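Enquirer: Encoded as structure tokens, here's the structure I'll be asking about.
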Amino acid sequence: MSKLIYPYTDALLQYEFKEDHPLKPDRLSLTYELSQAVGLLKHVKLIEPTMPTREDLETFHSQAFIDAVIESGDSLTSRPEYGLGTMDNPVFPNLYDAAARYVGATLDTMKAMMNGASKAFVISGGLHHAHESMASGFCVFNDVVVSIKYLQQQRTAKVLYLDIDAHHGDGVQNAFYGSKDVLTISIHQHGQTLFPGTGYVHDNGSGEGVGHSVNVPVLPGAGSDELIQTFDEIVVPLFDAFQPQLLVTQLGVDAHFLDPIAQLSYSSRGYEHVLRKLKEMAEKTCDIGWLAVGGGGYHPVNVARLWTLFLSLILDKKVPSDMPDSFVQLCKERGYTKFPMSMRDDEEVVQLYLPIEEVRLHLDRVLRQVREKVFPWHGLW
Ligand SMILES: [Zn+2]
């Protein structure tokens, strides 16, 4: 069996908007260090990401936008009409190289999978808010869309894209909104309460893509029980009906209860349920395989422990119950003081913004609406 593809290089750490920006390079370097420290990286094939060509980027992004990214990084000037130089996406030197390298990491991985690798984890990937001509929500180029479009240029393939980031996967959804070959499913905090404000239950695709965009907005406070219910009642039947050849999962962990940005309460228990089941389904169904990418997550140590746990689940390898002392020490040296020591959550802290009964009633209603709107397109209703 081929080894899991894991692209990593210190050059990825150059994607840093500015020092006090929430998207910190430590998210990636600490994940790499922890996965190394618990012995998981000896089971993966590390690859050094290459730069994509401009033509690669043009499979999705407009010429004008690519030019604007190059120019704004060179001259350090804002281009707000392209989402560059905003609060979320400040411009920085070598912006183009840093953003393009992120695409390279995912695209190189896609190519490896087309050549026989069946599993991958691209911790730098998952820049799901980037649009054709607009940077958005810390995302400049959309590595996922470019990579799926590359695959589609080479062959036909049914792709299921599952996004469990706290934020709606708008950039990926919109890129394939009219396609029946890419089924996108996004489970996210409700758009009336969180950026980017989209992803409503009635947004289901257009033209021949109707029924192939699926949105499950959940209310603030939703936790592992709600994630598991949504996964079992919506994702599993759609996966079984759609029979994807490639599974792409955006595994942003900003929906975890410790995350400082969103207001959801997922824990390792919910993630573990989802990851185990995805592994089983992908191995049974997806002849190309399972390409996992990262995404959001703004407590770097928490990101490192969760993505390391995810890697262990994808690889089906055990990890110690506590993070190694050497890693804890490293985190302290980098200035992190408050973080859990265990790999899995010992306790679940539900952030209660609303009565939990309200969160659950809302979810039941949303899941019923999704079944009514989407399932008939897949012979499920
Ligand atoms: Zn997010």
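By convention here, the chains of the structure tokens are called A, B, ... in the order presented, each chain's residues are numbered starting at 1, and ligands are numbered starting at 1 in the order presented.
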Need the shell around Glu283 (chain A): protein/DNA/RNA residues with any atom at most 12 Å away, counting only C-alpha atoms. Skip same-chain ones fewer than 4 positions apart. Format as number ranges by chain?
Expert: A: 1, 118-119, 243-247, 276-279, 287-291, 314-315
Enquirer: List as a VMD selection string the protein and nucleic acid residues near Gln192 (chain A), meaning an atom at most 12 Å away when only C-alpha atoms are counted, but skip any in the same chain fewer than 4 places from it.
Expert: chain A and resid 167 to 168 188 196 to 200 217 to 220
Enquirer: Create the file for the chosen residues now, containing N, CA and C atoms and written as a PDB file, in the first residue's frame.
Expert:
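Now in again07.pdb:
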ATOM      1  N   HIS A 167     -16.611  27.865   9.297  1.00  0.00           N
ATOM      2  CA  HIS A 167     -17.126  28.827   8.310  1.00  0.00           C
ATOM      3  C   HIS A 167     -17.601  28.107   7.054  1.00  0.00           C
ATOM      4  N   HIS A 168     -18.604  28.692   6.413  1.00  0.00           N
ATOM      5  CA  HIS A 168     -19.125  28.118   5.170  1.00  0.00           C
ATOM      6  C   HIS A 168     -18.022  28.042   4.108  1.00  0.00           C
ATOM      7  N   HIS A 188     -21.532  24.223   8.938  1.00  0.00           N
ATOM      8  CA  HIS A 188     -20.869  25.433   9.426  1.00  0.00           C
ATOM      9  C   HIS A 188     -21.779  26.226  10.350  1.00  0.00           C
ATOM     10  N   PRO A 196     -18.678  33.710   6.328  1.00  0.00           N
ATOM     11  CA  PRO A 196     -18.886  34.806   5.368  1.00  0.00           C
ATOM     12  C   PRO A 196     -20.359  35.174   5.185  1.00  0.00           C
ATOM     13  N   GLY A 197     -21.226  34.664   6.047  1.00  0.00           N
ATOM     14  CA  GLY A 197     -22.627  35.070   5.986  1.00  0.00           C
ATOM     15  C   GLY A 197     -23.441  34.349   4.924  1.00  0.00           C
ATOM     16  N   THR A 198     -22.894  33.265   4.384  1.00  0.00           N
ATOM     17  CA  THR A 198     -23.596  32.515   3.332  1.00  0.00           C
ATOM     18  C   THR A 198     -23.778  31.060   3.779  1.00  0.00           C
ATOM     19  N   GLY A 199     -24.271  30.220   2.852  1.00  0.00           N
ATOM     20  CA  GLY A 199     -24.401  28.797   3.166  1.00  0.00           C
ATOM     21  C   GLY A 199     -25.728  28.454   3.802  1.00  0.00           C
ATOM     22  N   TYR A 200     -26.801  28.919   3.192  1.00  0.00           N
ATOM     23  CA  TYR A 200     -28.128  28.630   3.745  1.00  0.00           C
ATOM     24  C   TYR A 200     -28.663  27.304   3.210  1.00  0.00           C
ATOM     25  N   PRO A 217     -26.332  24.768   8.086  1.00  0.00           N
ATOM     26  CA  PRO A 217     -25.946  25.793   9.057  1.00  0.00           C
ATOM     27  C   PRO A 217     -26.386  25.394  10.460  1.00  0.00           C
ATOM     28  N   VAL A 218     -25.467  25.471  11.420  1.00  0.00           N
ATOM     29  CA  VAL A 218     -25.799  25.114  12.806  1.00  0.00           C
ATOM     30  C   VAL A 218     -25.667  26.359  13.687  1.00  0.00           C
ATOM     31  N   LEU A 219     -26.426  26.397  14.751  1.00  0.00           N
ATOM     32  CA  LEU A 219     -26.427  27.588  15.605  1.00  0.00           C
ATOM     33  C   LEU A 219     -25.226  27.588  16.543  1.00  0.00           C
ATOM     34  N   PRO A 220     -24.819  28.771  17.007  1.00  0.00           N
ATOM     35  CA  PRO A 220     -23.734  28.859  17.982  1.00  0.00           C
ATOM     36  C   PRO A 220     -24.005  27.923  19.159  1.00  0.00           C
TER      37      PRO A 220
END
Enquirer: Enter the distance from CA of Val366 (chain A) to CA of Ile228 (chain A), in Å, rounded to one decimal.
Expert: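 Distance between the two atoms: 14.5 Å.
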Enquirer: Can you pull out every residue with an atom within 8 Å of ligand 1? Use only C-alpha atoms and all ligand atoms and format it as a ChimeraX atom specification.
Expert: /A:165-168,252-255,262,295-297
Enquirer: Only C-alpha atoms, please: the residues just picked out, written as an mmCIF file, in the first residue's frame.
Expert:
data_model
loop_
_atom_site.group_PDB
_atom_site.id
_atom_site.type_symbol
_atom_site.label_atom_id
_atom_site.label_comp_id
_atom_site.auth_asym_id
_atom_site.auth_seq_id
_atom_site.Cartn_x
_atom_site.Cartn_y
_atom_site.Cartn_z
ATOM 1 C CA ASP A 165 -14.691 24.168 9.118
ATOM 2 C CA ALA A 166 -16.710 26.546 11.332
ATOM 3 C CA HIS A 167 -17.126 28.827 8.310
ATOM 4 C CA HIS A 168 -19.125 28.118 5.170
ATOM 5 C CA GLY A 252 -10.649 23.223 9.625
ATOM 6 C CA VAL A 253 -10.758 22.945 13.415
ATOM 7 C CA ASP A 254 -12.078 26.398 14.248
ATOM 8 C CA ALA A 255 -15.357 24.769 15.308
ATOM 9 C CA ALA A 262 -16.110 30.844 16.061
ATOM 10 C CA GLY A 295 -8.367 24.917 6.970
ATOM 11 C CA GLY A 296 -9.204 27.204 9.876
ATOM 12 C CA GLY A 297 -8.170 26.866 13.493
#
Enquirer: Tell me which protein, DNA and RNA residues are within 9 Å of Leu76 (chain A), counting only C-alpha atoms, leaving out same-chain ones fewer than 2 positions away, and put them as a list in words.
Expert: Glu71, Ser72, Gly73, Asp74, Ser78, Gly85, Val91, Phe92 and Pro93 of chain A
Enquirer: Measuring atom to atom with only C-alpha atoms, identify which of A:Leu162, A:Leu352, A:Val214, A:Leu4 is nearest to Leu40 (chain A).
Expert: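 Result for the nearest residue to Leu40 (chain A): A:Leu4.
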Enquirer: Pick from A:Ser342, A:Ser35, A:Ser265, A:Asn204: nearest to Leu311 (chain A), with only C-alpha atoms counted?
Expert: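 Between A:Ser342, A:Ser35, A:Ser265, A:Asn204, the residue approaching Leu311 (chain A) most closely is A:Ser35.
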Enquirer: Fewer than 2 positions away in the same chain doesn't count, so skip those; otherwise give me all residues within 9 Å of region 58-65 of chain A, counting only C-alpha atoms, as a list in words.
Expert: Thr53, Arg54, Glu55, Asp56, Asp67, Ala68, Val69, Ile70, Tyr82, His131, Glu132, Ser133, Met134, Ala135, Phe141, Asn142, Val145, Val146, Lys149, Tyr150 and Ala175 of chain A
Enquirer: Go ahead and save the picked residues with N, CA and C atoms, as a PDB file, in the first residue's frame.
Expert:
ATOM      1  N   THR A  53       2.310  26.560 -11.822  1.00  0.00           N
ATOM      2  CA  THR A  53       2.488  27.530 -12.905  1.00  0.00           C
ATOM      3  C   THR A  53       1.328  28.518 -12.877  1.00  0.00           C
ATOM      4  N   ARG A  54       1.524  29.609 -13.569  1.00  0.00           N
ATOM      5  CA  ARG A  54       0.436  30.582 -13.686  1.00  0.00           C
ATOM      6  C   ARG A  54      -0.777  29.936 -14.368  1.00  0.00           C
ATOM      7  N   GLU A  55      -0.510  29.066 -15.329  1.00  0.00           N
ATOM      8  CA  GLU A  55      -1.610  28.375 -16.025  1.00  0.00           C
ATOM      9  C   GLU A  55      -2.412  27.511 -15.038  1.00  0.00           C
ATOM     10  N   ASP A  56      -1.716  26.909 -14.088  1.00  0.00           N
ATOM     11  CA  ASP A  56      -2.433  26.131 -13.069  1.00  0.00           C
ATOM     12  C   ASP A  56      -3.432  27.028 -12.331  1.00  0.00           C
ATOM     13  N   ASP A  67      -2.723  39.033 -11.519  1.00  0.00           N
ATOM     14  CA  ASP A  67      -1.867  40.225 -11.671  1.00  0.00           C
ATOM     15  C   ASP A  67      -1.938  41.106 -10.426  1.00  0.00           C
ATOM     16  N   ALA A  68      -3.142  41.261  -9.894  1.00  0.00           N
ATOM     17  CA  ALA A  68      -3.311  42.121  -8.708  1.00  0.00           C
ATOM     18  C   ALA A  68      -2.571  41.537  -7.506  1.00  0.00           C
ATOM     19  N   VAL A  69      -2.577  40.218  -7.369  1.00  0.00           N
ATOM     20  CA  VAL A  69      -1.852  39.583  -6.252  1.00  0.00           C
ATOM     21  C   VAL A  69      -0.353  39.854  -6.393  1.00  0.00           C
ATOM     22  N   ILE A  70       0.160  39.690  -7.626  1.00  0.00           N
ATOM     23  CA  ILE A  70       1.597  39.923  -7.862  1.00  0.00           C
ATOM     24  C   ILE A  70       1.947  41.383  -7.555  1.00  0.00           C
ATOM     25  N   TYR A  82     -10.119  43.562  -5.079  1.00  0.00           N
ATOM     26  CA  TYR A  82      -9.766  42.136  -5.172  1.00  0.00           C
ATOM     27  C   TYR A  82      -9.623  41.491  -3.793  1.00  0.00           C
ATOM     28  N   HIS A 131     -12.056  33.273  -3.956  1.00  0.00           N
ATOM     29  CA  HIS A 131     -12.940  33.251  -5.124  1.00  0.00           C
ATOM     30  C   HIS A 131     -12.129  33.469  -6.394  1.00  0.00           C
ATOM     31  N   GLU A 132     -12.823  33.373  -7.514  1.00  0.00           N
ATOM     32  CA  GLU A 132     -12.167  33.524  -8.814  1.00  0.00           C
ATOM     33  C   GLU A 132     -11.353  34.831  -8.896  1.00  0.00           C
ATOM     34  N   SER A 133     -11.943  35.919  -8.445  1.00  0.00           N
ATOM     35  CA  SER A 133     -11.281  37.224  -8.567  1.00  0.00           C
ATOM     36  C   SER A 133     -11.283  37.974  -7.241  1.00  0.00           C
ATOM     37  N   MET A 134     -11.210  37.256  -6.146  1.00  0.00           N
ATOM     38  CA  MET A 134     -11.319  37.926  -4.850  1.00  0.00           C
ATOM     39  C   MET A 134     -10.678  37.099  -3.746  1.00  0.00           C
ATOM     40  N   ALA A 135      -9.713  37.715  -3.053  1.00  0.00           N
ATOM     41  CA  ALA A 135      -9.209  37.099  -1.820  1.00  0.00           C
ATOM     42  C   ALA A 135     -10.242  37.343  -0.737  1.00  0.00           C
ATOM     43  N   PHE A 141      -5.438  32.360  -2.858  1.00  0.00           N
ATOM     44  CA  PHE A 141      -5.746  31.422  -3.947  1.00  0.00           C
ATOM     45  C   PHE A 141      -6.436  30.186  -3.364  1.00  0.00           C
ATOM     46  N   ASN A 142      -7.320  29.613  -4.148  1.00  0.00           N
ATOM     47  CA  ASN A 142      -8.098  28.467  -3.658  1.00  0.00           C
ATOM     48  C   ASN A 142      -7.442  27.159  -4.115  1.00  0.00           C
ATOM     49  N   VAL A 145      -9.973  24.259  -5.168  1.00  0.00           N
ATOM     50  CA  VAL A 145     -10.633  24.389  -6.475  1.00  0.00           C
ATOM     51  C   VAL A 145      -9.628  24.159  -7.612  1.00  0.00           C
ATOM     52  N   VAL A 146      -8.461  24.784  -7.507  1.00  0.00           N
ATOM     53  CA  VAL A 146      -7.454  24.606  -8.565  1.00  0.00           C
ATOM     54  C   VAL A 146      -7.119  23.118  -8.719  1.00  0.00           C
ATOM     55  N   LYS A 149     -10.016  21.148 -10.289  1.00  0.00           N
ATOM     56  CA  LYS A 149     -10.119  21.477 -11.719  1.00  0.00           C
ATOM     57  C   LYS A 149      -8.994  20.820 -12.521  1.00  0.00           C
ATOM     58  N   TYR A 150      -7.825  20.744 -11.924  1.00  0.00           N
ATOM     59  CA  TYR A 150      -6.721  20.038 -12.593  1.00  0.00           C
ATOM     60  C   TYR A 150      -7.102  18.578 -12.845  1.00  0.00           C
ATOM     61  N   ALA A 175     -17.547  27.647  -6.907  1.00  0.00           N
ATOM     62  CA  ALA A 175     -16.796  27.217  -8.089  1.00  0.00           C
ATOM     63  C   ALA A 175     -17.469  26.029  -8.780  1.00  0.00           C
TER      64      ALA A 175
END
Enquirer: Name the residues in contact with Tyr32 (chain A) at a cut-off of 10 Å, using only C-alpha atoms, excluding same-chain residues fewer than 2 positions from it; report them as a ChimeraX atom specification.
Expert: /A:6,8-9,26-30,34-37,40-41,123,304,307-308
Enquirer: Can I get the selection written as an mmCIF file, in the first residue's frame, with N, CA and C atoms?
Expert:
data_model
loop_
_atom_site.group_PDB
_atom_site.id
_atom_site.type_symbol
_atom_site.label_atom_id
_atom_site.label_comp_id
_atom_site.auth_asym_id
_atom_site.auth_seq_id
_atom_site.Cartn_x
_atom_site.Cartn_y
_atom_site.Cartn_z
ATOM 1 N N TYR A 6 2.212 13.695 2.437
ATOM 2 C CA TYR A 6 2.183 14.783 3.420
ATOM 3 C C TYR A 6 3.145 15.868 2.959
ATOM 4 N N TYR A 8 5.168 19.191 3.098
ATOM 5 C CA TYR A 8 5.585 20.157 4.120
ATOM 6 C C TYR A 8 6.952 20.717 3.788
ATOM 7 N N THR A 9 7.113 22.012 4.018
ATOM 8 C CA THR A 9 8.403 22.669 3.932
ATOM 9 C C THR A 9 8.312 23.932 4.773
ATOM 10 N N ASP A 26 2.675 29.190 13.071
ATOM 11 C CA ASP A 26 2.844 28.178 14.125
ATOM 12 C C ASP A 26 1.810 27.054 14.007
ATOM 13 N N ARG A 27 0.667 27.347 13.419
ATOM 14 C CA ARG A 27 -0.349 26.307 13.245
ATOM 15 C C ARG A 27 0.239 25.125 12.469
ATOM 16 N N LEU A 28 1.013 25.459 11.455
ATOM 17 C CA LEU A 28 1.594 24.404 10.614
ATOM 18 C C LEU A 28 2.855 23.816 11.245
ATOM 19 N N SER A 29 3.741 24.692 11.721
ATOM 20 C CA SER A 29 5.011 24.168 12.240
ATOM 21 C C SER A 29 4.774 23.331 13.500
ATOM 22 N N LEU A 30 3.845 23.744 14.366
ATOM 23 C CA LEU A 30 3.577 22.949 15.568
ATOM 24 C C LEU A 30 2.896 21.625 15.220
ATOM 25 N N LEU A 34 4.547 18.144 16.320
ATOM 26 C CA LEU A 34 3.851 17.184 17.181
ATOM 27 C C LEU A 34 3.669 15.836 16.467
ATOM 28 N N SER A 35 3.309 15.899 15.186
ATOM 29 C CA SER A 35 3.147 14.643 14.440
ATOM 30 C C SER A 35 4.472 13.882 14.376
ATOM 31 N N GLN A 36 5.554 14.647 14.254
ATOM 32 C CA GLN A 36 6.889 14.047 14.283
ATOM 33 C C GLN A 36 7.176 13.444 15.658
ATOM 34 N N ALA A 37 6.875 14.216 16.707
ATOM 35 C CA ALA A 37 7.212 13.796 18.079
ATOM 36 C C ALA A 37 6.468 12.528 18.495
ATOM 37 N N LEU A 40 4.377 9.748 14.032
ATOM 38 C CA LEU A 40 3.495 9.491 12.884
ATOM 39 C C LEU A 40 4.169 9.739 11.540
ATOM 40 N N LEU A 41 5.154 10.640 11.521
ATOM 41 C CA LEU A 41 5.689 11.024 10.215
ATOM 42 C C LEU A 41 6.542 9.926 9.577
ATOM 43 N N ILE A 123 -1.766 19.816 5.399
ATOM 44 C CA ILE A 123 -2.168 20.664 6.533
ATOM 45 C C ILE A 123 -2.233 22.139 6.137
ATOM 46 N N ALA A 304 -2.547 21.921 16.365
ATOM 47 C CA ALA A 304 -1.508 20.883 16.268
ATOM 48 C C ALA A 304 -1.997 19.555 16.855
ATOM 49 N N TRP A 307 -4.982 18.151 14.510
ATOM 50 C CA TRP A 307 -4.546 17.641 13.201
ATOM 51 C C TRP A 307 -3.614 16.434 13.352
ATOM 52 N N THR A 308 -2.874 16.381 14.456
ATOM 53 C CA THR A 308 -2.068 15.182 14.711
ATOM 54 C C THR A 308 -2.975 13.997 15.041
#
Enquirer: Report as a compact mmCIF listing (two decimals) with C-alpha atoms, in the first residue's frame: the residues of region 246-324 of chain A with a DSSP assignment of strand (DSSP E), based on the backbone of this structure.
Expert:
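What follows is the written file result29.txt:
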# COMPACT_ATOMS: atom_id res chain seq x y z
CA LEU A 246 -12.37 11.04 -4.76
CA LEU A 247 -13.17 12.32 -1.28
CA VAL A 248 -11.83 15.77 -0.43
CA THR A 249 -12.29 16.90 3.17
CA GLN A 250 -11.63 20.38 4.49
CA GLY A 289 -8.74 8.01 -2.65
CA TRP A 290 -9.07 10.53 0.15
CA LEU A 291 -7.40 13.94 0.02
CA ALA A 292 -7.66 15.65 3.39
CA VAL A 293 -6.73 19.31 3.71
Enquirer: When you draw a straight line from CA of Phe231 (chain A) to CA of Pro22 (chain A), how long is it in Å?
Expert: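 So the answer is 28.3 Å.
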Enquirer: One decimal, in Å: what's the spacing between CA of Ser124 (chain A) and CA of Asn302 (chain A)?
Expert: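 A separation of 15.4 Å between them.
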Enquirer: Please identify all polymer residues within 10 Å of Lys338 (chain A), counting only C-alpha atoms, omitting same-chain residues fewer than 2 positions from it, and present them as a tab-separated table (two decimals) with N, CA and C atoms, in the first residue's frame.
Expert:
chain	number	residue	atom	x	y	z
A	299	HIS	N	-6.11	28.56	17.43
A	299	HIS	CA	-5.35	28.32	18.66
A	299	HIS	C	-4.27	27.32	18.23
A	301	VAL	N	-1.72	25.60	19.26
A	301	VAL	CA	-1.44	24.32	19.92
A	301	VAL	C	-2.63	23.37	19.77
A	302	ASN	N	-3.81	23.92	19.86
A	302	ASN	CA	-5.01	23.09	19.69
A	302	ASN	C	-5.10	22.55	18.26
A	331	CYS	N	6.09	24.45	22.89
A	331	CYS	CA	4.94	25.38	22.88
A	331	CYS	C	5.17	26.51	23.88
A	332	LYS	N	5.69	26.15	25.05
A	332	LYS	CA	5.95	27.18	26.07
A	332	LYS	C	7.02	28.16	25.59
A	335	GLY	N	5.74	30.79	23.55
A	335	GLY	CA	4.87	31.76	24.21
A	335	GLY	C	3.45	31.29	24.48
A	336	TYR	N	3.17	30.01	24.23
A	336	TYR	CA	1.82	29.52	24.52
A	336	TYR	C	1.78	29.01	25.95
A	340	PRO	N	-4.46	22.35	26.47
A	340	PRO	CA	-4.60	21.03	27.09
A	340	PRO	C	-3.35	20.18	26.83
A	341	MET	N	-3.05	19.27	27.73
A	341	MET	CA	-1.86	18.42	27.57
A	341	MET	C	-2.21	17.11	26.88
Enquirer: Name all residues at most 8 Å from Gly211 (chain A) (count only C-alpha atoms; drop same-chain ones fewer than 2 positions away) and give them as a VMD selection string.
Expert: chain A and resid 204 to 205 209 213 to 214 373 to 375 377 to 378
Enquirer: Put those residues in a file: C-alpha atoms, as a PDB file, in the first residue's frame.
Expert:
ATOM      1  CA  ASN A 204     -28.528  23.742  -3.390  1.00  0.00           C
ATOM      2  CA  GLY A 205     -26.776  24.372  -6.706  1.00  0.00           C
ATOM      3  CA  GLY A 209     -25.778  21.024 -10.373  1.00  0.00           C
ATOM      4  CA  SER A 213     -24.493  21.839  -3.117  1.00  0.00           C
ATOM      5  CA  VAL A 214     -25.521  20.984   0.411  1.00  0.00           C
ATOM      6  CA  LYS A 373     -34.521  19.652  -0.827  1.00  0.00           C
ATOM      7  CA  VAL A 374     -31.508  17.505  -1.666  1.00  0.00           C
ATOM      8  CA  PHE A 375     -32.232  13.829  -1.134  1.00  0.00           C
ATOM      9  CA  TRP A 377     -31.845  14.449  -6.476  1.00  0.00           C
ATOM     10  CA  HIS A 378     -29.960  11.396  -5.223  1.00  0.00           C
TER      11      HIS A 378
END
Enquirer: Would you please work out which residue, of A:Leu275, A:Cys286, A:Val122, A:Leu380, is nearest to Lys158 (chain A) when using only C-alpha atoms?
Expert: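 Nearest to Lys158 (chain A): A:Cys286.
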